[in-house]
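These notes concern the structure reproduced below.
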Amino acid sequence: MKITIHSSFLPQTDPDASLAFYRDVLDFEIRNDVGYEGMRWITVGPQNQPDTNIVLYPPEATPGVTDEEKRTLFELIAKGTFFGVNLATTDLDATFAKLESAGADIVQEPIDQPYGVRDCAFRDPAGNEIRLQEIQ
């Protein structure tokens with residue numbers, strides 16, 4: 001049996017800002033951009049990994065969620081504590097410099113972690129925390 005990661009989901013609260021961030025700052029491909037009833041689902045992914053996707057979805061489209069739960073959900077998203085993703089790069093310092101110059105919301109500058117990785121953290125336009133680790 002072979003199992004791979006195909007898609008992961010991150011909430012987005014402003015589809016245009018999210019599209020610009022993932023396309024222009026992270027250099028991800030836009031693979032799909034679907035609108036339905038005033039909402040948008042945008043699928044992005046690294047240019048060299050055509051089978052790995054992140055779907056940026058409208059959290060208000062989550063079925064069965066009450067208005068109170070939606071308010072809580074949006075608060076958690078804005079704080080960066082609801083969802084996140086870890087990405088990897090071979091040149092953390094250069095990638096961080098690009099993120100910083102693009103005005104990304106920096107959470108943590110590059111640092112050698114005590115558990116053996118060098119990484120940094122930033123937030124996307126919705127507030128999702130993204131950690132970027134250096135790999136060889």
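Labels for the structure tokens follow display order: chains A, B, ..., residues from 1 in each chain, ligands from 1.
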
Exercise: range 13-19 of chain A partners within 9 Å, only C-alpha atoms, chain neighbours under 4 positions left out, as number ranges by chain: A: 23-24, 30, 39-42, 44, 56-60, 74, 77, 124-127

Would you give me, as an MDAnalysis selection string, the residues in range 51-82 of chain A that DSSP reads as alpha helix (DSSP H)? chainID A and resid 67:79

Could you write out the selected residues, including N, CA, C and O atoms, as an mmCIF file, in the first residue's frame?
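Below is the file that was written, part-v5.cif:
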data_model
loop_
_atom_site.group_PDB
_atom_site.id
_atom_site.type_symbol
_atom_site.label_atom_id
_atom_site.label_comp_id
_atom_site.auth_asym_id
_atom_site.auth_seq_id
_atom_site.Cartn_x
_atom_site.Cartn_y
_atom_site.Cartn_z
ATOM 1 N N ASP A 67 -23.345 30.173 14.668
ATOM 2 C CA ASP A 67 -22.772 31.519 14.549
ATOM 3 C C ASP A 67 -21.753 31.773 15.651
ATOM 4 O O ASP A 67 -20.705 32.374 15.407
ATOM 5 N N GLU A 68 -22.042 31.322 16.856
ATOM 6 C CA GLU A 68 -21.093 31.490 17.967
ATOM 7 C C GLU A 68 -19.793 30.725 17.688
ATOM 8 O O GLU A 68 -18.695 31.226 17.932
ATOM 9 N N GLU A 69 -19.916 29.503 17.182
ATOM 10 C CA GLU A 69 -18.733 28.713 16.842
ATOM 11 C C GLU A 69 -17.950 29.369 15.712
ATOM 12 O O GLU A 69 -16.708 29.352 15.718
ATOM 13 N N LYS A 70 -18.638 29.981 14.757
ATOM 14 C CA LYS A 70 -17.953 30.694 13.671
ATOM 15 C C LYS A 70 -17.147 31.862 14.223
ATOM 16 O O LYS A 70 -16.006 32.081 13.808
ATOM 17 N N ARG A 71 -17.724 32.615 15.161
ATOM 18 C CA ARG A 71 -16.986 33.728 15.769
ATOM 19 C C ARG A 71 -15.722 33.219 16.450
ATOM 20 O O ARG A 71 -14.641 33.785 16.306
ATOM 21 N N THR A 72 -15.849 32.133 17.204
ATOM 22 C CA THR A 72 -14.687 31.542 17.871
ATOM 23 C C THR A 72 -13.666 31.068 16.850
ATOM 24 O O THR A 72 -12.458 31.288 17.021
ATOM 25 N N LEU A 73 -14.127 30.438 15.800
ATOM 26 C CA LEU A 73 -13.251 29.956 14.737
ATOM 27 C C LEU A 73 -12.450 31.106 14.133
ATOM 28 O O LEU A 73 -11.224 31.024 13.995
ATOM 29 N N PHE A 74 -13.118 32.213 13.794
ATOM 30 C CA PHE A 74 -12.420 33.361 13.215
ATOM 31 C C PHE A 74 -11.429 33.982 14.192
ATOM 32 O O PHE A 74 -10.368 34.438 13.786
ATOM 33 N N GLU A 75 -11.750 33.970 15.486
ATOM 34 C CA GLU A 75 -10.807 34.470 16.490
ATOM 35 C C GLU A 75 -9.557 33.598 16.541
ATOM 36 O O GLU A 75 -8.436 34.104 16.619
ATOM 37 N N LEU A 76 -9.743 32.281 16.511
ATOM 38 C CA LEU A 76 -8.602 31.362 16.542
ATOM 39 C C LEU A 76 -7.750 31.496 15.283
ATOM 40 O O LEU A 76 -6.513 31.456 15.352
ATOM 41 N N ILE A 77 -8.382 31.657 14.139
ATOM 42 C CA ILE A 77 -7.646 31.840 12.886
ATOM 43 C C ILE A 77 -6.808 33.106 12.967
ATOM 44 O O ILE A 77 -5.618 33.101 12.651
ATOM 45 N N ALA A 78 -7.414 34.209 13.403
ATOM 46 C CA ALA A 78 -6.714 35.495 13.477
ATOM 47 C C ALA A 78 -5.515 35.442 14.423
ATOM 48 O O ALA A 78 -4.508 36.112 14.190
ATOM 49 N N LYS A 79 -5.610 34.624 15.487
ATOM 50 C CA LYS A 79 -4.510 34.491 16.437
ATOM 51 C C LYS A 79 -3.428 33.534 15.942
ATOM 52 O O LYS A 79 -2.363 33.435 16.539
#

Shortest interatomic distance to Asn128 in chain A - which of A:Gly84, A:Thr95, A:Val55, A:Asn32, counting only C-alpha atoms: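 So, comparing all the options, the nearest one is A:Gly84.
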
Among the residues A:Gly38, A:Pro11, A:Gly103, A:Pro63, the one that comes closest to Glu129 in chain A [using only C-alpha atoms]: A:Pro11

Quick one: residues within 12 Å of Glu109 in chain A, only C-alpha atoms, excluding same-chain residues fewer than 6 positions away - as number ranges by chain? A: 92-97, 99-100, 118-122, 131-133

Out of A:Thr90, A:Thr62, A:Ser8, A:Asn48, which residue has the shortest atom-to-atom distance to Gln136 in chain A when counting only C-alpha atoms?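 Using only C-alpha atoms, Gln136 in chain A sits closest to A:Thr90.
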
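Minimum distance to Thr43 in chain A across A:Ile3, A:Ala61, A:Leu10, A:Ala88 (counting only C-alpha atoms) occurs at A:Leu10.
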
Identify all residues of range 29-112 of chain A in strand (DSSP E or B) (DSSP on the backbone) and supply them as a PyMOL selection string. chain A and resi 29-36+39-45+53-57+84-89+105-112

Would you work out the distance separating CA of Ala20 in chain A from CA of Tyr36 in chain A, expressed in Å to one decimal?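 So the answer is 19.8 Å.
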
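What separates CA of Ala102 in chain A from CA of Tyr115 in chain A is a distance of 29.0 Å.
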
Expressed in Å to a single decimal, how great is the separation between CA of Phe28 in chain A and CA of Ala104 in chain A? 15.3 Å
